[in-house]
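J.: Below you'll find model09.csv; it's CSV, C-alpha atoms.
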chain,number,residue,atom,x,y,z
I,492,MET,CA,-2.1,-7.6,-16.8
I,493,SER,CA,-1.5,-9.8,-19.8
I,494,ASP,CA,0.6,-9.3,-22.9
I,495,GLU,CA,-1.7,-11.4,-25.1
I,496,ASP,CA,-2.3,-9.5,-28.4
I,497,GLY,CA,-0.8,-6.4,-26.8
I,498,VAL,CA,-3.7,-6.0,-24.4
I,499,VAL,CA,-3.1,-4.9,-20.8
I,500,THR,CA,-5.9,-5.6,-18.3
I,501,VAL,CA,-5.4,-3.7,-15.1
I,502,ILE,CA,-5.9,-5.9,-12.0
I,503,THR,CA,-5.2,-4.9,-8.4
I,504,VAL,CA,-5.1,-6.6,-5.1
I,505,PRO,CA,-7.0,-4.8,-2.3
I,506,GLY,CA,-4.7,-2.3,-0.6
I,507,GLU,CA,-1.7,-2.9,-2.9
I,508,ILE,CA,-1.7,0.3,-4.9
I,509,GLY,CA,1.4,2.5,-5.2
I,510,VAL,CA,1.0,6.2,-6.2
I,511,THR,CA,2.8,9.4,-6.6
I,512,PRO,CA,1.5,12.2,-4.2
I,513,ASP,CA,-0.3,13.9,-7.0
I,514,LEU,CA,-1.9,10.6,-8.2
I,515,ARG,CA,-0.6,11.1,-11.7
I,516,ARG,CA,1.0,7.7,-11.7
I,517,VAL,CA,-0.6,4.6,-10.2
I,518,ALA,CA,1.2,1.2,-9.7
I,519,LEU,CA,-0.9,-2.0,-9.7
I,520,THR,CA,0.1,-5.6,-9.2
I,521,LYS,CA,-0.9,-8.9,-10.9
I,522,TRP,CA,0.5,-12.5,-10.4
I,523,GLY,CA,-0.5,-16.0,-11.1
I,524,ALA,CA,0.9,-19.4,-11.9
I,525,ASP,CA,2.8,-18.3,-14.9
I,526,PHE,CA,2.8,-14.5,-14.9
I,527,SER,CA,3.7,-11.7,-12.4
I,528,ALA,CA,4.0,-8.0,-13.2
I,529,ILE,CA,3.6,-4.5,-12.0
I,530,GLY,CA,1.8,-2.0,-14.2
I,531,VAL,CA,2.7,1.7,-13.7
I,532,CYS,CA,-0.1,3.7,-15.2
I,533,ASN,CA,0.5,7.3,-16.3
I,534,LEU,CA,-3.0,8.7,-16.0
I,535,GLN,CA,-2.2,11.9,-17.9
I,536,ALA,CA,-0.4,10.3,-20.8
I,537,GLY,CA,-2.8,7.3,-21.1
I,538,SER,CA,0.1,4.8,-21.0
I,539,VAL,CA,1.4,2.0,-18.8
I,540,GLU,CA,4.8,0.6,-18.2
I,541,VAL,CA,4.5,-3.1,-17.5
I,542,LEU,CA,7.4,-4.6,-15.4
I,543,ARG,CA,7.4,-8.4,-15.8
I,544,ALA,CA,9.1,-11.0,-13.6
I,545,GLY,CA,7.7,-14.2,-15.1
I,546,LYS,CA,6.6,-17.1,-13.0
I,547,LYS,CA,9.5,-17.3,-10.5
I,548,ALA,CA,8.3,-14.6,-8.1
I,549,ALA,CA,5.1,-12.8,-7.1
I,550,LEU,CA,5.6,-9.0,-7.2
I,551,ARG,CA,3.8,-7.2,-4.4
I,552,MET,CA,3.4,-4.0,-2.4
I,553,PRO,CA,4.5,-1.5,-5.0
I,554,ALA,CA,5.7,2.0,-3.9
I,555,LEU,CA,6.5,4.8,-6.3
I,556,SER,CA,9.1,7.5,-5.7
I,557,PRO,CA,7.7,11.1,-5.5
I,558,ASP,CA,8.8,11.9,-9.0
I,559,GLY,CA,7.3,8.6,-10.3
I,560,GLU,CA,10.5,7.5,-12.0
I,561,THR,CA,11.5,4.7,-9.5
I,562,ILE,CA,9.5,1.8,-8.1
I,563,ALA,CA,10.2,-0.2,-5.0
I,564,PHE,CA,8.5,-3.6,-4.6
I,565,VAL,CA,8.6,-6.9,-2.7
I,566,ALA,CA,9.3,-10.1,-4.6
I,567,GLN,CA,8.1,-13.4,-3.0
I,568,PRO,CA,9.3,-16.7,-4.5
I,569,VAL,CA,6.6,-18.9,-6.0
I,570,ASP,CA,8.7,-22.0,-5.0
I,571,PRO,CA,6.8,-23.5,-2.0
I,572,ARG,CA,10.2,-24.4,-0.4
I,573,LEU,CA,10.9,-20.7,-0.1
I,574,GLN,CA,7.5,-19.5,1.2
I,575,GLY,CA,7.6,-16.7,3.7
I,576,LEU,CA,10.7,-15.1,2.2
I,577,SER,CA,10.4,-11.7,0.5
I,578,SER,CA,13.2,-9.5,-1.0
I,579,LEU,CA,13.1,-5.8,-1.5
I,580,TYR,CA,14.0,-4.3,-5.0
I,581,LEU,CA,14.3,-1.0,-6.7
I,582,ALA,CA,13.8,-0.6,-10.5
I,583,PRO,CA,13.4,2.3,-13.0
I,584,VAL,CA,9.8,2.6,-14.1
I,585,SER,CA,10.8,2.9,-17.7
I,586,GLY,CA,12.9,-0.3,-17.6
I,587,GLY,CA,16.6,-0.8,-16.7
I,588,GLU,CA,18.8,-2.4,-14.0
I,589,VAL,CA,17.0,-3.9,-11.0
I,590,ARG,CA,18.7,-3.3,-7.6
I,591,ARG,CA,18.1,-5.5,-4.6
I,592,ILE,CA,18.4,-3.6,-1.3
I,593,GLY,CA,18.5,-4.8,2.3
I,594,ALA,CA,19.9,-8.1,3.7
I,595,ARG,CA,17.0,-9.3,5.9
I,596,ALA,CA,15.0,-12.5,5.2
I,597,THR,CA,11.7,-10.8,4.6
I,598,TYR,CA,10.4,-7.3,3.8
I,599,ASP,CA,6.9,-5.8,3.7
I,600,ALA,CA,5.1,-2.5,2.8
I,601,PRO,CA,7.8,-0.2,1.5
I,602,SER,CA,7.2,3.6,1.4
I,603,PHE,CA,9.4,6.4,0.0
I,604,SER,CA,10.4,9.5,1.9
I,605,SER,CA,9.3,12.9,0.5
I,606,ASP,CA,12.8,13.5,-0.9
I,607,GLY,CA,13.0,10.0,-2.5
I,608,GLU,CA,16.3,9.2,-0.8
I,609,ARG,CA,15.0,6.8,1.9
I,610,ILE,CA,12.6,3.9,2.2
I,611,LEU,CA,10.5,3.1,5.3
I,612,VAL,CA,9.8,-0.7,5.3
I,613,PHE,CA,9.1,-3.6,7.7
I,614,ALA,CA,11.9,-6.1,8.0
I,615,GLY,CA,12.3,-9.5,9.7
I,616,ASP,CA,14.9,-12.2,10.1
I,617,GLU,CA,12.7,-15.3,9.7
I,618,PRO,CA,10.0,-16.3,7.2
I,619,TRP,CA,6.5,-15.7,8.7
I,620,GLY,CA,8.2,-14.1,11.7
I,621,SER,CA,7.6,-10.7,13.4
I,622,VAL,CA,9.0,-7.6,11.8
I,623,GLN,CA,10.5,-4.3,12.8
I,624,PRO,CA,10.1,-0.8,11.1
I,625,VAL,CA,13.4,0.1,9.5
I,626,GLU,CA,14.7,2.9,7.2
I,627,ILE,CA,17.0,2.2,4.3
I,628,SER,CA,19.2,4.9,2.7
I,629,LEU,CA,19.1,4.5,-1.0
I,630,ASN,CA,22.5,6.2,-1.4
I,631,SER,CA,24.5,4.1,1.0
I,632,GLY,CA,22.2,1.1,1.5
I,633,ALA,CA,22.5,1.4,5.2
I,634,GLU,CA,19.6,0.1,7.2
I,635,ARG,CA,18.7,1.4,10.7
I,636,VAL,CA,15.9,0.2,13.0
I,637,ILE,CA,13.3,2.9,13.8
I,638,TRP,CA,12.1,1.2,16.9
I,639,SER,CA,13.5,-1.9,18.7
I,640,GLY,CA,10.2,-3.5,19.2
I,641,ALA,CA,8.2,-5.5,16.6
I,642,PHE,CA,4.8,-6.2,15.0
I,643,ASN,CA,3.3,-9.6,14.5
I,644,GLY,CA,1.8,-8.5,11.1
I,645,VAL,CA,1.7,-5.3,9.1
I,646,HIS,CA,-0.1,-3.8,6.1
I,647,LYS,CA,1.2,-0.2,5.7
I,648,ALA,CA,4.0,2.2,6.6
I,649,ALA,CA,4.3,5.9,5.8
I,650,TYR,CA,6.4,8.9,6.5
I,651,ASP,CA,4.6,11.9,8.1
I,652,PRO,CA,4.3,14.5,5.3
I,653,GLY,CA,5.3,17.2,7.8
I,654,GLY,CA,8.5,15.4,8.7
I,655,GLU,CA,7.3,14.5,12.2
I,656,GLY,CA,7.9,10.8,12.6
I,657,TYR,CA,6.3,7.8,11.0
I,658,TRP,CA,2.9,6.1,10.7
I,659,VAL,CA,2.4,2.3,10.8
I,660,GLY,CA,-0.5,0.0,10.6
I,661,GLY,CA,-0.5,-3.5,11.9
I,662,LEU,CA,-0.9,-6.1,14.6
I,663,GLY,CA,0.7,-5.3,17.9
I,664,PRO,CA,3.0,-3.7,18.8
I,665,ALA,CA,5.2,-5.7,21.2
I,666,ALA,CA,8.5,-4.9,23.0
I,667,SER,CA,10.6,-7.3,21.0
I,668,LEU,CA,10.7,-9.6,18.0
I,669,ALA,CA,10.2,-12.7,20.2
I,670,GLU,CA,7.3,-11.2,22.2
I,671,ALA,CA,5.4,-10.1,19.1
I,672,THR,CA,4.6,-13.8,18.2
I,673,SER,CA,4.0,-14.9,21.7
I,674,TRP,CA,0.5,-16.2,22.6
I,675,ALA,CA,0.1,-13.5,25.3
I,676,SER,CA,0.7,-10.7,22.7
I,677,ILE,CA,-1.6,-12.3,20.1
I,678,ASP,CA,-4.4,-12.9,22.7
I,679,TYR,CA,-4.1,-9.3,23.9
I,680,ASP,CA,-4.2,-7.9,20.4
I,681,THR,CA,-7.2,-9.9,19.5
I,682,LYS,CA,-9.2,-8.8,22.5
I,683,HIS,CA,-8.3,-5.1,22.1
I,684,GLY,CA,-9.0,-4.7,18.4
I,685,SER,CA,-6.5,-5.2,15.5
I,686,PRO,CA,-5.1,-4.1,13.2
I,687,ARG,CA,-4.7,-0.6,14.4
I,688,VAL,CA,-2.9,2.6,13.4
I,689,PHE,CA,0.2,3.8,15.3
I,690,ARG,CA,2.5,6.8,15.2
I,691,ILE,CA,6.2,6.8,16.0
I,692,LEU,CA,7.0,10.4,16.7
I,693,ARG,CA,10.8,10.0,16.8
I,694,GLU,CA,13.4,7.2,16.3
I,695,GLY,CA,13.6,4.8,19.2
I,696,GLU,CA,10.2,5.8,20.7
I,697,ALA,CA,7.5,3.2,21.2
I,698,PRO,CA,4.5,3.5,18.8
I,699,ARG,CA,1.4,5.3,20.1
I,700,PRO,CA,-2.1,4.2,19.1
I,701,PHE,CA,-3.6,7.0,17.0
I,702,SER,CA,-7.2,5.9,16.4
I,703,VAL,CA,-9.1,3.0,17.9
I,704,ASN,CA,-12.4,2.6,16.0
I,705,PRO,CA,-15.2,1.5,18.3
I,706,ASP,CA,-16.9,-0.3,15.4
I,707,GLY,CA,-14.0,-2.5,14.4
I,708,PRO,CA,-10.3,-2.7,13.2
I,709,GLY,CA,-8.7,0.2,11.3
I,710,PHE,CA,-6.5,-0.3,8.3
I,711,LEU,CA,-4.0,2.4,7.5
I,712,VAL,CA,-4.5,3.4,3.8
I,713,GLY,CA,-2.2,6.4,3.7
I,714,VAL,CA,-1.3,9.8,5.1
I,715,THR,CA,-2.2,13.2,3.5
I,716,GLN,CA,-0.8,16.6,4.5
I,717,ASP,CA,-3.3,17.0,7.3
I,718,GLU,CA,-5.2,13.7,7.7
I,719,VAL,CA,-4.7,10.0,8.2
I,720,VAL,CA,-6.6,7.8,5.7
I,721,ILE,CA,-8.2,4.8,7.4
I,722,GLU,CA,-10.5,2.0,6.3
I,723,THR,CA,-12.6,0.2,8.9
I,724,ALA,CA,-14.8,-2.9,8.8
I,725,ALA,CA,-16.9,-4.6,11.4
I,726,MET,CA,-19.8,-7.1,11.5
I,727,GLY,CA,-23.1,-5.2,11.5
I,728,ALA,CA,-21.4,-1.8,11.1
I,729,GLY,CA,-20.3,-2.1,7.5
I,730,SER,CA,-17.2,-0.7,5.9
I,731,ARG,CA,-16.1,3.0,6.1
I,732,ALA,CA,-13.4,5.1,4.5
I,733,LEU,CA,-12.3,7.8,6.9
I,734,LEU,CA,-10.0,10.9,6.9
I,735,VAL,CA,-8.9,11.6,10.5
I,736,ASN,CA,-7.0,14.7,11.4
I,737,ARG,CA,-4.3,15.0,14.0
I,738,LYS,CA,-7.0,16.0,16.6
I,739,GLY,CA,-9.0,12.8,16.0
I,740,GLU,CA,-11.8,14.6,14.1
I,741,VAL,CA,-13.3,12.3,11.4
I,742,ARG,CA,-14.4,13.1,7.8
I,743,ARG,CA,-16.1,10.2,6.3
I,744,LEU,CA,-15.6,9.5,2.6
I,745,TRP,CA,-18.1,6.6,2.2
I,746,LEU,CA,-20.0,4.0,4.1
I,747,SER,CA,-21.0,0.6,2.7
I,748,PRO,CA,-23.5,-1.4,4.8
I,749,ARG,CA,-22.5,-4.7,3.2
I,750,GLY,CA,-19.0,-3.9,1.8
I,751,ASP,CA,-19.7,-5.5,-1.6
I,752,ASP,CA,-19.9,-2.1,-3.4
I,753,LEU,CA,-16.5,-0.8,-2.2
I,754,PRO,CA,-13.6,-0.5,-4.6
I,755,SER,CA,-11.1,-3.3,-4.4
I,756,GLY,CA,-8.3,-0.8,-3.9
I,757,TRP,CA,-8.2,3.0,-3.4
I,758,VAL,CA,-5.8,5.8,-2.6
I,759,VAL,CA,-6.1,9.5,-1.7
I,760,SER,CA,-3.9,12.3,-3.1
I,761,ALA,CA,-1.5,14.2,-0.8
I,762,ASP,CA,-3.8,17.3,-0.7
I,763,ALA,CA,-6.8,15.0,0.2
I,764,LYS,CA,-8.9,16.4,-2.7
I,765,ARG,CA,-9.0,13.4,-5.0
I,766,ILE,CA,-9.3,9.6,-4.8
I,767,VAL,CA,-8.3,7.0,-7.4
I,768,ALA,CA,-10.2,3.8,-7.0
I,769,ALA,CA,-10.0,0.5,-8.8
I,770,ARG,CA,-13.3,-1.2,-9.2
I,771,LEU,CA,-14.2,-4.6,-10.6
I,772,LEU,CA,-16.5,-4.4,-13.6
I,773,VAL,CA,-19.6,-6.6,-13.8
I,774,ASP,CA,-22.3,-7.2,-16.4
I,775,ALA,CA,-26.1,-6.7,-15.9
I,776,MET,CA,-26.4,-10.1,-14.2
I,777,GLY,CA,-23.7,-9.2,-11.7
I,778,GLN,CA,-21.1,-11.5,-13.3
I,779,SER,CA,-17.5,-10.4,-13.3
I,780,LEU,CA,-16.1,-9.2,-16.7
I,781,GLY,CA,-12.6,-9.9,-15.5
I,782,LYS,CA,-11.6,-6.2,-15.8
I,783,TYR,CA,-11.0,-3.3,-13.4
I,784,GLU,CA,-11.8,0.3,-14.1
I,785,LEU,CA,-9.8,3.2,-12.6
I,786,THR,CA,-12.0,6.1,-11.5
I,787,VAL,CA,-11.1,9.5,-10.1
I,788,PHE,CA,-13.4,10.9,-7.4
I,789,GLU,CA,-13.4,14.3,-5.7
I,790,THR,CA,-13.4,14.0,-1.9
I,791,GLY,CA,-16.0,16.7,-1.3
I,792,PRO,CA,-19.2,17.8,-3.0
I,793,ASP,CA,-19.4,20.7,-5.5
I,794,GLU,CA,-21.7,23.7,-5.2
I,795,ASN,CA,-24.6,21.5,-6.3
I,796,GLY,CA,-23.9,18.9,-3.6
I,797,ARG,CA,-22.6,16.3,-6.0
I,798,VAL,CA,-19.5,14.2,-5.7
I,799,LEU,CA,-17.7,14.5,-9.0
I,800,SER,CA,-16.2,11.4,-10.6
I,801,ARG,CA,-14.5,10.6,-13.9
I,802,ALA,CA,-13.8,7.1,-15.3
I,803,LEU,CA,-10.3,6.9,-16.8
I,804,SER,CA,-9.8,5.3,-20.2
I,805,SER,CA,-9.0,1.6,-20.1
I,806,ASP,CA,-7.1,1.9,-23.5
I,807,LEU,CA,-3.6,2.4,-22.1
I,808,ARG,CA,-0.6,2.2,-24.5
I,809,ALA,CA,1.6,-0.5,-23.0
I,810,THR,CA,5.4,-0.8,-23.0
I,811,PHE,CA,6.8,-4.1,-21.5
I,812,HIS,CA,10.0,-4.5,-19.6
I,813,ASP,CA,11.5,-7.7,-18.2
I,814,LEU,CA,12.8,-7.7,-14.7
I,815,ASN,CA,15.9,-9.7,-13.8
I,816,LEU,CA,15.6,-10.6,-10.2
I,817,SER,CA,18.6,-12.9,-10.0
When written as structure tokens, how does the structure in this file appear?

T.:
Amino acid sequence: MSDEDGVVTVITVPGEIGVTPDLRRVALTKWGADFSAIGVCNLQAGSVEVLRAGKKAALRMPALSPDGETIAFVAQPVDPRLQGLSSLYLAPVSGGEVRRIGARATYDAPSFSSDGERILVFAGDEPWGSVQPVEISLNSGAERVIWSGAFNGVHKAAYDPGGEGYWVGGLGPAASLAEATSWASIDYDTKHGSPRVFRILREGEAPRPFSVNPDGPGFLVGVTQDEVVIETAAMGAGSRALLVNRKGEVRRLWLSPRGDDLPSGWVVSADAKRIVAARLLVDAMGQSLGKYELTVFETGPDENGRVLSRALSSDLRATFHDLNLS
């Protein structure tokens, strides 16, 4: 996203897409040496709210509240002396006062509850250290640990839409913060496949592996009403996007033998009927045009056996808001 001449170019980092359950609003991130921002695209109105933080911090891991009016994100300092630190913030999508929440040294992968009153996030006490799944009340600011153990690395957290526990994707788990970064835990995790998808059914209970893909690691993308969204990748087996129900039955969305034709980021609606994907545009020679296109796909074929898709307009009316992260 750039504000040169009033033009907004939508860029996304793989896996870092925040959405409302109905996919009407999509949040994408961009950062560089002198620019960092989150663009919240209103796909119905054809507009985008651009939240800018300047060059002091990289904005990452956006999460939208169910009504699409509030965004949570992680801000990492660009200053190399502060590498490994990340703070958690809340901000109105339409601009306004920014609120820092939580008191830990680092946060990762925030996710809103269905009522928009709580955030599930990973939190740690040391830069680059292991993290625990915690829940923060947005009304009181109180933080409570969901499970006393820890993960060595994470990439996604989500509430179960049915209200039955939590879903996490990451490296591990281990019984404690110290054990998560021990050589024994890392070696075991490497040998048995990682990252993986886990479910914590109730507070205080150890995570249970949900799906171990025989062809390679499984990345948690999200959770729909009835299925868990997973992306897998393995040498020789290609990349797959899968919907896995609670019984372990798999519905494949796509298979890429090489992985080079996959979107650079994608999400599935809460009803599992639609996908929004961000794809890098290239010219006839295969050279990047430096732009991404948002496309909506239906997850199932129509009566003629076709998977329907619709490219969204790239001409989004942009409104810019500066973020004060001090």

J.: What gap, in Å, lies between atom CA of Leu814 of chain I and atom CA of Leu542 of chain I?

T.: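 That distance, rounded to one decimal, is 6.3 Å.
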
J.: Rounded to one decimal, what separation in Å do you get between atom CA of His812 of chain I and atom CA of Ala544 of chain I?

T.: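 So the two atoms, atom CA of His812 of chain I and atom CA of Ala544 of chain I, lie 8.9 Å apart.
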
J.: Work out how far apart atom CA of Glu507 of chain I and atom CA of Ala548 of chain I are and give it in Å to one decimal.

T.: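 Pair atom CA of Glu507 of chain I / atom CA of Ala548 of chain I returns 16.2 Å.
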
J.: List as a list of chain:residue names the protein and nucleic acid residues near segment 713-720 of chain I, meaning an atom at most 7 Å away when all atoms listed in the file are counted, but skip any in the same chain fewer than 6 places from it.

T.: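 My list of contacting residues is I:Ala649, I:Asp651, I:Pro652, I:Gly653, I:Leu733, I:Leu734, I:Val735, I:Asn736, I:Arg737, I:Ser760, I:Ala761, I:Asp762, I:Ala763.
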
J.: Within 6 Å of (5.8, -7.4, 13.8) (file coordinates; all atoms listed in the file), which protein or nucleic acid residues are there? I'd like them as a PyMOL selection string.

T.: chain I and resi 621-623+641-644+671

J.: For the residues in the current selection, export C-alpha atoms as a compact mmCIF listing (two decimals), in the coordinates of the input.

T.:
# COMPACT_ATOMS: atom_id res chain seq x y z
CA SER I 621 7.60 -10.70 13.40
CA VAL I 622 9.00 -7.60 11.80
CA GLN I 623 10.50 -4.30 12.80
CA ALA I 641 8.20 -5.50 16.60
CA PHE I 642 4.80 -6.20 15.00
CA ASN I 643 3.30 -9.60 14.50
CA GLY I 644 1.80 -8.50 11.10
CA ALA I 671 5.40 -10.10 19.10

J.: Which polymer residues, whether protein, DNA or RNA, lie within 9 Å of the coordinate (9.4, 7.0, -11.5) when you count all atoms listed in the file? List them as a PyMOL selection string, using the chain letters and numbers from the file.

T.: chain I and resi 511+516+531+555-562+582-585

J.: When distances are computed from all atoms listed in the file, which of I:Ser577, I:Gly537, I:Ala675, I:Ala563 shows the smallest separation from Glu608 of chain I?

T.: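 Going through I:Ser577, I:Gly537, I:Ala675, I:Ala563 one by one, the smallest distance to Glu608 of chain I is for I:Ala563.
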
J.: So which one's closest to Val636 of chain I, I:Arg693, I:Asn815, I:Asp513, I:Met776? Using all atoms listed in the file, please.

T.: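 Answer, going by the shortest atom-to-atom distance: I:Arg693.
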
J.: When distances are computed from only C-alpha atoms, which of I:Gly530, I:Gly615, I:Pro700, I:Pro664 shows the smallest separation from Ala518 of chain I?

T.: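 Once distances to Ala518 of chain I are computed over only C-alpha atoms, the minimum belongs to I:Gly530.
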
J.: Using all atoms listed in the file, can you tell me which of I:Ala549, I:Leu576, I:Val712, I:Ala809 comes closest to Val645 of chain I?

T.: I:Val712

J.: So which one's closest to Gly656 of chain I, I:Gly632, I:Pro698, I:Gly640, I:Gly620? Using only C-alpha atoms, please.

T.: I:Pro698
